[in-house]
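K.L.:
First the structure, which I've put down as structure tokens, then a few questions once you've had a look.
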Amino acid sequence: MINKKSLGGVKGNSGPRRTGKIKSQKSSSISSSNEYIADSNNIFPIVRILENHLLPGYAGVLTRSAEDGVGMEDLDQLQLDLERLLSTTASRHRLLKSEMECLDQVEEKRKNKKFKLSDKQFSLKRKYIDTMDKFRIKDDKSEIRLVKSNHNFSANSLVSDLSVKREVPKVTFPRNDISEKFWLSVKPFCENVSKDDVNFLNSLIRECSEEIKIEIPGVGKHYTMDWTDDVLLYEHDVNTNQKQTNVKSVSFKKELKKSGLNAMVDTFSGPFSQRLIAALIEEKESGKANNELGTSTRSNIRTKTCMHKKLKKELEDEDIFDSTISKNTIENDKILLEIKKCTQELKSVNHRNISELRKLKSIVEKDVRRQNVKNSLKLVDEKVIKMYNRVQDAKQAQSSASDDTFCDSVSTQDEDCEVIEDEEINRLIQKQALLHKELTDLSNATFLY
Amino acid sequence: MPFTADAIAAQQVQECLKSLYGLVHEIEEKRQLSENGINAINKHNQEERGSFMQTDLKTLYKTAVSQAEQEEELLRKALQKITDIRNIKNERRIQARNAGNKETIRRGAWMKMLLSSAQALPLFVSKIDEKPPPLCGAIPAEPNYFAKVGDMVAALAKVAEGDGDNWILAEVVSFSHALNKYEVDDILEEQNQKKRHILSKKYVVPLPLMRANPETDSSALFPQGSIVLALYPQTTCFYKAIVNKLPQTHTDEYEVLFEDFTYSNGYSPPLYVAQRYVIAMKQKTKQT
């Protein structure tokens with residue numbers, strides 16, 4: 001085995017030798033590709049029969065007779081030549097196919113859109129590229145180019161029509177839609193104020209003007225006091241119940257004594273029954289003891305609360321502790337102050353609101369009035385225009401009448417009419433001027449705000 | 001002895017050569033037709049520009065396509081014949097070796113053979129919408145693939161005492177499915193006198209069985225800048241290299257820069273390596 005380290009000298013020599021060989025190979029490939037381009041009309045890769053000298057192995061076999069045939073020594077060169085032919089043919093095949101597809105597409109478009117192409121060989125303007133993908137990209141480009149070039153000629157108007165048709169729904173339609181949406185959303189803000197708005201403002205003012213009575217509930221007893229009271233109350237309840245039961249048991253005993261224990265003992269004459277009664281009595285004793293224990297815990301709390309009250313009372317008696325002071329502090333506590341402050345603030349805000357609402361109301365009322373004036377001005381304007389037209393017509397009629405000889409009666413009637421009309425016109429113009437002045441005053445007032 | 005294996009093989013080769021001769025002549029006829037077809041299209045383009053006779057052009061295209069298809073088919077057949085002849089020869093060589101006939105080829109001759117065998121590797125020219133198969137150019141073998149007996153491989157083996165492992169050019173002698181191991185011969189005879197290499201499958205990379213045609217199947221080539229293992233010219237070892245230029249035609253070779261720390265920039269000047277001797281760099285293997 002030879003590795004590169006052992007062949008240090010060879011390495012240096014091999015480079016140029018190999019590159020020299022490759023250069024010759026490359027030059028041959030370039031020359032062949034040049035031949036494609038040399039044939040200016042031909043865009044398809046092909047090795048022409050005349051170029052057989054580029055395929056020495058292949059050409060050699062062709063010139064031989066069948067007897068000589070192909071020798072083993074020819075195989076290497078023949079393979080290279082055949083491979084070159086195959087590569088060229090495969091490339092040509094691909095290009096032809098893509099051209100066909102392109103033609104089919106154009107035809108399909110023409111069928112669908114009913115337009116004609118004047119330049120059917122547009123696709124042949126392209127140059128040869130190796131891969132299919134590249135062909136396709138090229139195809140698309142050439143199509144664009146075609147449409148563009150045709151677009152400039154009025155003769156091929158159908159093509160331009162097609163492009164316009166394509167664009168119209170895409171671009172203009174959504175824009176219209178958007179503008180409509182926009183104006184719809186804006187409309188409520190730009191509309192004239194109406195009487196409903198005045199009513200609404202009135203209701204708002206009424207609502208805000210109403211006096212609100214804020215009652216702050218008293219703080220009441222301190223929670224510790226409340227709790228001690230509860231405890232005492234509970235204690236009281238428990239005691240009364242116990243007393244009741246105690247009273248019952250005592251009365252039962254008395255009864256027993258009254259009716260005579262002897263009689264009872266007589267009834268339980270047997271030794272067993274007597275023992276049973278003795279056991280029961282013992283149990284009663286122990287139950288009593290239990291009850292005493294329970295009451296002791298409760299009495300603990302009671303003594304505590306009682307102690308608390310007692311201490312307080314003693315302190316009050318000795319003037320060390322003053323309950324009235326504590327009451328005063330409760331009244332002047334911070335929370336209450338805060339609440340009062342807040343209510344005051346709310347009140348002032350409400351006041352401001354009312355004044356603003358009133359201002360707004362007056363503006364709105366003015367605007368309503370302005371609208372009314374505007375409407376009446378509009379009416380007057382219309383009337384004036386009508387009048388003007390009538391006068392113009394009359395003048396025209398008069399000028400035409402003056403050419404011919406006309407009856408006097410008619411002319412006098414006309415004069416009367418003119419007098420009346422003049423008065424009316426004057427009145428209308430005055431009214432128009434007045435209204436206009438009013439309107440400008442009103443709108444100025446509104447805009448000042 | 002008319003029926004020995006050699007005689008049969010020779011007969012087969014002769015038949016192939018004969019049919020190849022016939023095919024070449026057929027191809028010439030088809031080429032003439034194709035050329036006429038293309039000339040007709042060009043003429044049409046020149047003369048009929050601006051008219052509306054598109055259907056005419058379409059029929060011309062159709063005939064040109066069918067002519068190209070026929071020509072392509074014949075060319076493929078002819079090339080297949082050449083491949084068949086080479087396969088027969090290779091089989092005979094393997095059988096001869098198995099029979100014990102030692103090939104006594106000198107180093108210089110081997111180097112020439114390596115070059116010619118790289119050129120003789122079949123060229124893959126895809127049909128329309130056909131994808132290049134595994135072991136065509138840069139396309140790797142499928143994971144469960146194993147190289148056939150007599151196939152050329154790159155094998156990571158220890159070649160000399162004290163020297164580390166090297167990726168050497170080797171030929172498959174056998175493959176054991178049970179052990180998942182190859183038995184390979186170093187391509188240079190004198191190295192095998194010690195012993196054959198028995199290597200795990202992961203240390204053996206099969207070389208491409210086909211060249212990729214840059215004009216139609218450039219996707220099956222290593223992209224520029226990719227790191228590969230390439231056979232250093234005039235050696236039988238593979239070294240790490242960077243692809244500098246891709247082959248432009250079916251006869252071109254890769255221009256690669258070998259990783260070489262004897263040069264100031266860490267890379268050798270551009271060297272040319274045939275498609276057959278350029279393989280994907282295994283990421284996990286440690287180069288020495």
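Lettering and numbering for the structure tokens are positional, with chains as A, B, ... in the shown order, residues counted from 1 in each chain, and ligands counted from 1 in the shown order.
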If you count only C-alpha atoms, which residues fall within 8 Å of region 228-231 of chain B, apart from same-chain ones fewer than 2 positions away, as a list in words?
P.N.:
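After dropping sequence-adjacent residues, the list is Ser226, Pro233, Thr235, Thr236, Cys237, Phe238, Tyr239, Lys240, Ala241, Ile242, Val243, Val273, Tyr277, Val278, Ile279, Ala280 and Met281 of chain B.
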K.L.:
Based on the backbone DSSP call, show me all residues of region 82-216 of chain B assigned helix (DSSP H, G or I), as a PyMOL selection string.
P.N.:
chain B and resi 82-98+107-120+189-193+201-203
K.L.:
Using only C-alpha atoms, which of A:Ile43, A:Val349, A:Leu311, A:Leu55 sits nearest Asp74 (chain A)?
P.N.:
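Looking only at the distances to Asp74 (chain A), the closest residue turns out to be A:Leu55.
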K.L.:
One decimal, Å: what's the distance from CA of Ala170 (chain B) over to CA of Arg97 (chain B), could you say?
P.N.:
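Separation of CA of Ala170 (chain B) and CA of Arg97 (chain B): 15.0 Å.
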K.L.:
Write out as a PyMOL selection string which residues come within 9 Å of Pro140 (chain B) when counting only C-alpha atoms, dropping same-chain ones fewer than 3 positions away.
P.N.:
chain B and resi 133-137+143+206+208+279-280
K.L.:
Those selected residues, please, written with all heavy atoms and delivered as a PDB file, in the first residue's frame.
P.N.:
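Below is the file part.pdb, written as the result:
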```pdb
ATOM      1  N   PRO B 133     -30.264   6.293  -7.732  1.00  0.00           N
ATOM      2  CA  PRO B 133     -30.324   5.188  -6.750  1.00  0.00           C
ATOM      3  C   PRO B 133     -29.180   5.292  -5.740  1.00  0.00           C
ATOM      4  O   PRO B 133     -28.263   6.088  -5.931  1.00  0.00           O
ATOM      5  CB  PRO B 133     -30.154   3.955  -7.638  1.00  0.00           C
ATOM      6  CG  PRO B 133     -29.348   4.441  -8.786  1.00  0.00           C
ATOM      7  CD  PRO B 133     -29.723   5.877  -9.015  1.00  0.00           C
ATOM      8  N   PRO B 134     -29.222   4.472  -4.674  1.00  0.00           N
ATOM      9  CA  PRO B 134     -28.103   4.466  -3.722  1.00  0.00           C
ATOM     10  C   PRO B 134     -26.812   4.052  -4.424  1.00  0.00           C
ATOM     11  O   PRO B 134     -26.847   3.322  -5.413  1.00  0.00           O
ATOM     12  CB  PRO B 134     -28.511   3.418  -2.690  1.00  0.00           C
ATOM     13  CG  PRO B 134     -29.961   3.227  -2.855  1.00  0.00           C
ATOM     14  CD  PRO B 134     -30.303   3.566  -4.254  1.00  0.00           C
ATOM     15  N   LEU B 135     -25.718   4.545  -3.895  1.00  0.00           N
ATOM     16  CA  LEU B 135     -24.375   4.282  -4.421  1.00  0.00           C
ATOM     17  C   LEU B 135     -24.182   4.845  -5.829  1.00  0.00           C
ATOM     18  O   LEU B 135     -23.360   4.364  -6.601  1.00  0.00           O
ATOM     19  CB  LEU B 135     -24.036   2.791  -4.391  1.00  0.00           C
ATOM     20  CG  LEU B 135     -23.760   2.235  -2.993  1.00  0.00           C
ATOM     21  CD1 LEU B 135     -23.545   0.745  -3.030  1.00  0.00           C
ATOM     22  CD2 LEU B 135     -22.535   2.913  -2.386  1.00  0.00           C
ATOM     23  N   CYS B 136     -24.989   5.870  -6.150  1.00  0.00           N
ATOM     24  CA  CYS B 136     -24.751   6.626  -7.376  1.00  0.00           C
ATOM     25  C   CYS B 136     -24.201   7.975  -6.934  1.00  0.00           C
ATOM     26  O   CYS B 136     -24.888   8.728  -6.243  1.00  0.00           O
ATOM     27  CB  CYS B 136     -26.046   6.790  -8.149  1.00  0.00           C
ATOM     28  SG  CYS B 136     -25.974   8.098  -9.379  1.00  0.00           S
ATOM     29  N   GLY B 137     -22.956   8.239  -7.270  1.00  0.00           N
ATOM     30  CA  GLY B 137     -22.331   9.497  -6.853  1.00  0.00           C
ATOM     31  C   GLY B 137     -22.285   9.625  -5.342  1.00  0.00           C
ATOM     32  O   GLY B 137     -21.779   8.743  -4.651  1.00  0.00           O
ATOM     33  N   PRO B 143     -28.808   1.288   4.676  1.00  0.00           N
ATOM     34  CA  PRO B 143     -28.158   0.775   5.902  1.00  0.00           C
ATOM     35  C   PRO B 143     -27.927  -0.737   5.893  1.00  0.00           C
ATOM     36  O   PRO B 143     -26.942  -1.220   6.454  1.00  0.00           O
ATOM     37  CB  PRO B 143     -29.131   1.154   7.022  1.00  0.00           C
ATOM     38  CG  PRO B 143     -30.091   2.127   6.436  1.00  0.00           C
ATOM     39  CD  PRO B 143     -30.018   2.051   4.953  1.00  0.00           C
ATOM     40  N   PRO B 206     -18.595   1.081   1.115  1.00  0.00           N
ATOM     41  CA  PRO B 206     -18.574   0.728  -0.311  1.00  0.00           C
ATOM     42  C   PRO B 206     -18.411   1.967  -1.190  1.00  0.00           C
ATOM     43  O   PRO B 206     -18.991   3.019  -0.895  1.00  0.00           O
ATOM     44  CB  PRO B 206     -19.927   0.056  -0.545  1.00  0.00           C
ATOM     45  CG  PRO B 206     -20.777   0.460   0.592  1.00  0.00           C
ATOM     46  CD  PRO B 206     -19.892   0.783   1.736  1.00  0.00           C
ATOM     47  N   PRO B 208     -18.899   4.208  -4.696  1.00  0.00           N
ATOM     48  CA  PRO B 208     -20.050   4.322  -5.606  1.00  0.00           C
ATOM     49  C   PRO B 208     -19.957   3.314  -6.744  1.00  0.00           C
ATOM     50  O   PRO B 208     -18.866   3.011  -7.225  1.00  0.00           O
ATOM     51  CB  PRO B 208     -19.927   5.748  -6.146  1.00  0.00           C
ATOM     52  CG  PRO B 208     -19.049   6.479  -5.226  1.00  0.00           C
ATOM     53  CD  PRO B 208     -18.190   5.481  -4.542  1.00  0.00           C
ATOM     54  N   ILE B 279     -15.951   9.760  -1.143  1.00  0.00           N
ATOM     55  CA  ILE B 279     -17.061   9.223  -0.343  1.00  0.00           C
ATOM     56  C   ILE B 279     -17.354  10.160   0.828  1.00  0.00           C
ATOM     57  O   ILE B 279     -16.508  10.978   1.193  1.00  0.00           O
ATOM     58  CB  ILE B 279     -16.777   7.783   0.174  1.00  0.00           C
ATOM     59  CG1 ILE B 279     -15.431   7.749   0.924  1.00  0.00           C
ATOM     60  CG2 ILE B 279     -16.796   6.791  -0.971  1.00  0.00           C
ATOM     61  CD1 ILE B 279     -15.179   6.459   1.640  1.00  0.00           C
ATOM     62  N   ALA B 280     -18.527   9.962   1.385  1.00  0.00           N
ATOM     63  CA  ALA B 280     -18.935  10.830   2.500  1.00  0.00           C
ATOM     64  C   ALA B 280     -18.053  10.551   3.708  1.00  0.00           C
ATOM     65  O   ALA B 280     -17.675   9.415   3.968  1.00  0.00           O
ATOM     66  CB  ALA B 280     -20.391  10.579   2.839  1.00  0.00           C
TER      67      ALA B 280
END
```
K.L.:
So which residues touch region 82-96 of chain B within 7 Å, counting only C-alpha atoms, skipping near sequence neighbours fewer than 2 positions away, as a PDB file with N, CA and C atoms, in the first residue's frame?
P.N.:
```pdb
ATOM      1  N   LEU A  75     -13.516  -0.316 -25.878  1.00  0.00           N
ATOM      2  CA  LEU A  75     -14.642  -0.148 -24.943  1.00  0.00           C
ATOM      3  C   LEU A  75     -14.583   1.155 -24.140  1.00  0.00           C
TER       4      LEU A  75
ATOM      5  N   ALA B   9     -17.525 -17.498 -21.209  1.00  0.00           N
ATOM      6  CA  ALA B   9     -17.431 -16.063 -20.945  1.00  0.00           C
ATOM      7  C   ALA B   9     -16.962 -15.330 -22.191  1.00  0.00           C
ATOM      8  N   VAL B  13     -18.902 -12.437 -24.237  1.00  0.00           N
ATOM      9  CA  VAL B  13     -18.306 -11.125 -24.519  1.00  0.00           C
ATOM     10  C   VAL B  13     -18.387 -10.842 -26.021  1.00  0.00           C
ATOM     11  N   CYS B  16     -21.810  -9.879 -27.002  1.00  0.00           N
ATOM     12  CA  CYS B  16     -22.080  -8.511 -26.546  1.00  0.00           C
ATOM     13  C   CYS B  16     -21.429  -7.499 -27.488  1.00  0.00           C
ATOM     14  N   ALA B  78     -26.787   0.202 -25.435  1.00  0.00           N
ATOM     15  CA  ALA B  78     -25.379   0.042 -25.817  1.00  0.00           C
ATOM     16  C   ALA B  78     -24.493   0.123 -24.587  1.00  0.00           C
ATOM     17  N   LEU B  79     -24.785   1.087 -23.730  1.00  0.00           N
ATOM     18  CA  LEU B  79     -23.983   1.258 -22.510  1.00  0.00           C
ATOM     19  C   LEU B  79     -24.154   0.050 -21.589  1.00  0.00           C
ATOM     20  N   GLN B  80     -25.375  -0.498 -21.570  1.00  0.00           N
ATOM     21  CA  GLN B  80     -25.629  -1.683 -20.750  1.00  0.00           C
ATOM     22  C   GLN B  80     -24.761  -2.844 -21.241  1.00  0.00           C
ATOM     23  N   ASN B  98      -9.919 -16.826  -7.037  1.00  0.00           N
ATOM     24  CA  ASN B  98     -10.342 -17.883  -6.117  1.00  0.00           C
ATOM     25  C   ASN B  98      -9.662 -19.207  -6.448  1.00  0.00           C
ATOM     26  N   ALA B  99      -9.417 -19.399  -7.752  1.00  0.00           N
ATOM     27  CA  ALA B  99      -8.768 -20.656  -8.186  1.00  0.00           C
ATOM     28  C   ALA B  99      -7.289 -20.666  -7.818  1.00  0.00           C
ATOM     29  N   GLY B 100      -6.798 -19.514  -7.385  1.00  0.00           N
ATOM     30  CA  GLY B 100      -5.404 -19.488  -6.927  1.00  0.00           C
ATOM     31  C   GLY B 100      -4.471 -18.832  -7.917  1.00  0.00           C
ATOM     32  N   ASN B 101      -5.007 -18.383  -9.025  1.00  0.00           N
ATOM     33  CA  ASN B 101      -4.140 -17.690  -9.991  1.00  0.00           C
ATOM     34  C   ASN B 101      -3.830 -16.288  -9.474  1.00  0.00           C
ATOM     35  N   PRO B 122     -19.996   2.901 -14.627  1.00  0.00           N
ATOM     36  CA  PRO B 122     -21.144   3.323 -15.432  1.00  0.00           C
ATOM     37  C   PRO B 122     -21.639   4.704 -15.024  1.00  0.00           C
ATOM     38  N   GLY B 150     -15.649  -8.707  -4.639  1.00  0.00           N
ATOM     39  CA  GLY B 150     -14.967  -8.070  -5.781  1.00  0.00           C
ATOM     40  C   GLY B 150     -15.218  -6.585  -5.865  1.00  0.00           C
TER      41      GLY B 150
END
```
K.L.:
Residues at most 10 Å from Ser87 (chain A), counting only C-alpha atoms, excluding those fewer than 4 positions away in the same chain, as a list in words?
P.N.:
Pro45, Ile46, Asp81, Leu82, Glu83, Ser91, Arg92 and His93 of chain A; Glu72, Leu75, Leu123, Phe124, Val125, Ser126, Asn213, Pro214, Glu215, Thr216, Thr249 and His250 of chain B
K.L.:
Write to file, as a short mmCIF file (atom, residue, chain, number, x, y, z; two decimals), in the first residue's frame, the residues of the selection just made, with N, CA and C atoms.
P.N.:
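Listing of out_9.cif after writing:
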```cif
data_model
loop_
_atom_site.label_atom_id
_atom_site.label_comp_id
_atom_site.auth_asym_id
_atom_site.auth_seq_id
_atom_site.Cartn_x
_atom_site.Cartn_y
_atom_site.Cartn_z
N PRO A 45 -29.52 20.93 -27.13
CA PRO A 45 -28.21 20.28 -27.11
C PRO A 45 -28.20 19.08 -28.05
N ILE A 46 -27.27 19.08 -28.96
CA ILE A 46 -27.17 17.95 -29.90
C ILE A 46 -25.73 17.86 -30.41
N ASP A 81 -17.84 8.08 -25.18
CA ASP A 81 -18.56 8.72 -26.29
C ASP A 81 -20.07 8.49 -26.17
N LEU A 82 -20.41 7.24 -25.88
CA LEU A 82 -21.84 6.92 -25.75
C LEU A 82 -22.45 7.69 -24.58
N GLU A 83 -21.67 7.79 -23.51
CA GLU A 83 -22.16 8.53 -22.33
C GLU A 83 -22.40 10.00 -22.70
N SER A 91 -30.58 15.52 -22.00
CA SER A 91 -30.81 16.96 -21.79
C SER A 91 -31.79 17.48 -22.83
N ARG A 92 -31.59 17.05 -24.08
CA ARG A 92 -32.46 17.50 -25.18
C ARG A 92 -33.90 17.04 -24.92
N HIS A 93 -34.00 15.79 -24.52
CA HIS A 93 -35.31 15.21 -24.22
C HIS A 93 -36.05 16.07 -23.19
N GLU B 72 -32.26 7.72 -26.95
CA GLU B 72 -31.85 7.52 -25.56
C GLU B 72 -31.89 6.03 -25.21
N LEU B 75 -29.02 4.17 -26.76
CA LEU B 75 -27.76 4.52 -26.09
C LEU B 75 -27.65 3.78 -24.76
N LEU B 123 -22.12 5.43 -16.01
CA LEU B 123 -22.66 6.78 -15.76
C LEU B 123 -24.17 6.66 -15.56
N PHE B 124 -24.64 7.28 -14.50
CA PHE B 124 -26.09 7.27 -14.29
C PHE B 124 -26.69 8.54 -14.92
N VAL B 125 -27.52 8.32 -15.93
CA VAL B 125 -28.27 9.42 -16.53
C VAL B 125 -29.74 9.13 -16.28
N SER B 126 -30.33 9.92 -15.41
CA SER B 126 -31.70 9.59 -14.99
C SER B 126 -32.68 9.82 -16.13
N ASN B 213 -24.35 12.00 -13.39
CA ASN B 213 -24.15 12.89 -14.53
C ASN B 213 -24.42 14.33 -14.10
N PRO B 214 -23.41 15.18 -14.09
CA PRO B 214 -23.64 16.55 -13.61
C PRO B 214 -24.68 17.31 -14.43
N GLU B 215 -24.83 16.93 -15.70
CA GLU B 215 -25.76 17.67 -16.55
C GLU B 215 -27.22 17.35 -16.25
N THR B 216 -27.48 16.15 -15.76
CA THR B 216 -28.89 15.79 -15.48
C THR B 216 -29.13 15.47 -14.00
N THR B 249 -18.91 18.16 -16.34
CA THR B 249 -19.39 17.20 -17.36
C THR B 249 -19.18 15.79 -16.82
N HIS B 250 -19.66 14.81 -17.59
CA HIS B 250 -19.60 13.42 -17.10
C HIS B 250 -18.17 12.91 -17.01
#
```
K.L.:
CA of Phe44 (chain A) and CA of Leu95 (chain A) are how many Å apart?
P.N.:
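So the answer is 7.2 Å.
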K.L.:
Excluding Lys359 (chain A) and its own-chain neighbours fewer than 2 positions away, which residues fall within 12 Å of it when counting only C-alpha atoms? Please give them as an NGL selection string.
P.N.:
:A and (198 or 201-202 or 205 or 352-357 or 361-366 or 446 or 449)
K.L.:
Would you put the residues from that selection into a file with N, CA, C and O atoms, as a CSV table (one decimal), in the first residue's frame?
P.N.:
```
chain,number,residue,atom,x,y,z
A,198,VAL,N,-80.7,65.8,23.1
A,198,VAL,CA,-81.0,66.8,24.2
A,198,VAL,C,-81.7,66.1,25.3
A,198,VAL,O,-81.4,66.3,26.5
A,201,LEU,N,-79.3,64.1,27.4
A,201,LEU,CA,-78.6,65.0,28.3
A,201,LEU,C,-79.4,65.4,29.5
A,201,LEU,O,-79.0,65.4,30.6
A,202,ASN,N,-80.7,65.7,29.2
A,202,ASN,CA,-81.6,66.1,30.3
A,202,ASN,C,-81.7,65.0,31.3
A,202,ASN,O,-81.7,65.3,32.5
A,205,ILE,N,-78.6,64.9,33.4
A,205,ILE,CA,-78.6,66.0,34.3
A,205,ILE,C,-79.5,65.7,35.5
A,205,ILE,O,-79.1,65.9,36.7
A,352,ARG,N,-69.4,69.3,39.1
A,352,ARG,CA,-68.6,69.6,37.9
A,352,ARG,C,-69.3,68.9,36.7
A,352,ARG,O,-69.6,69.6,35.7
A,353,ASN,N,-69.7,67.7,36.9
A,353,ASN,CA,-70.3,66.9,35.8
A,353,ASN,C,-71.6,67.6,35.4
A,353,ASN,O,-71.9,67.8,34.2
A,354,ILE,N,-72.4,68.0,36.4
A,354,ILE,CA,-73.7,68.7,36.1
A,354,ILE,C,-73.4,70.0,35.3
A,354,ILE,O,-74.1,70.2,34.3
A,355,SER,N,-72.4,70.7,35.7
A,355,SER,CA,-72.2,72.0,35.0
A,355,SER,C,-71.8,71.8,33.6
A,355,SER,O,-72.2,72.4,32.7
A,356,GLU,N,-70.9,70.7,33.4
A,356,GLU,CA,-70.4,70.4,32.0
A,356,GLU,C,-71.6,69.9,31.2
A,356,GLU,O,-71.7,70.3,30.0
A,357,LEU,N,-72.4,69.1,31.8
A,357,LEU,CA,-73.6,68.6,31.1
A,357,LEU,C,-74.5,69.7,30.6
A,357,LEU,O,-75.0,69.7,29.5
A,361,LYS,N,-75.5,70.7,27.0
A,361,LYS,CA,-76.9,70.8,26.6
A,361,LYS,C,-77.2,72.1,25.9
A,361,LYS,O,-77.9,72.1,24.8
A,362,SER,N,-76.6,73.2,26.4
A,362,SER,CA,-76.9,74.5,25.8
A,362,SER,C,-76.3,74.5,24.3
A,362,SER,O,-76.9,75.0,23.4
A,363,ILE,N,-75.1,73.9,24.2
A,363,ILE,CA,-74.5,73.8,22.9
A,363,ILE,C,-75.3,73.0,21.9
A,363,ILE,O,-75.6,73.4,20.8
A,364,VAL,N,-75.8,71.9,22.4
A,364,VAL,CA,-76.6,71.0,21.6
A,364,VAL,C,-77.9,71.7,21.2
A,364,VAL,O,-78.3,71.7,20.0
A,365,GLU,N,-78.5,72.4,22.2
A,365,GLU,CA,-79.7,73.2,21.8
A,365,GLU,C,-79.4,74.2,20.8
A,365,GLU,O,-80.2,74.4,19.8
A,366,LYS,N,-78.3,74.9,20.9
A,366,LYS,CA,-77.9,75.9,19.9
A,366,LYS,C,-77.8,75.2,18.5
A,366,LYS,O,-78.2,75.7,17.5
A,446,THR,N,-70.8,78.0,18.2
A,446,THR,CA,-70.5,76.5,18.4
A,446,THR,C,-69.0,76.2,18.2
A,446,THR,O,-68.4,75.5,19.0
A,449,TYR,N,-66.5,77.1,21.1
A,449,TYR,CA,-66.4,76.1,22.2
A,449,TYR,C,-65.3,75.1,21.7
A,449,TYR,O,-64.7,74.4,22.0
```
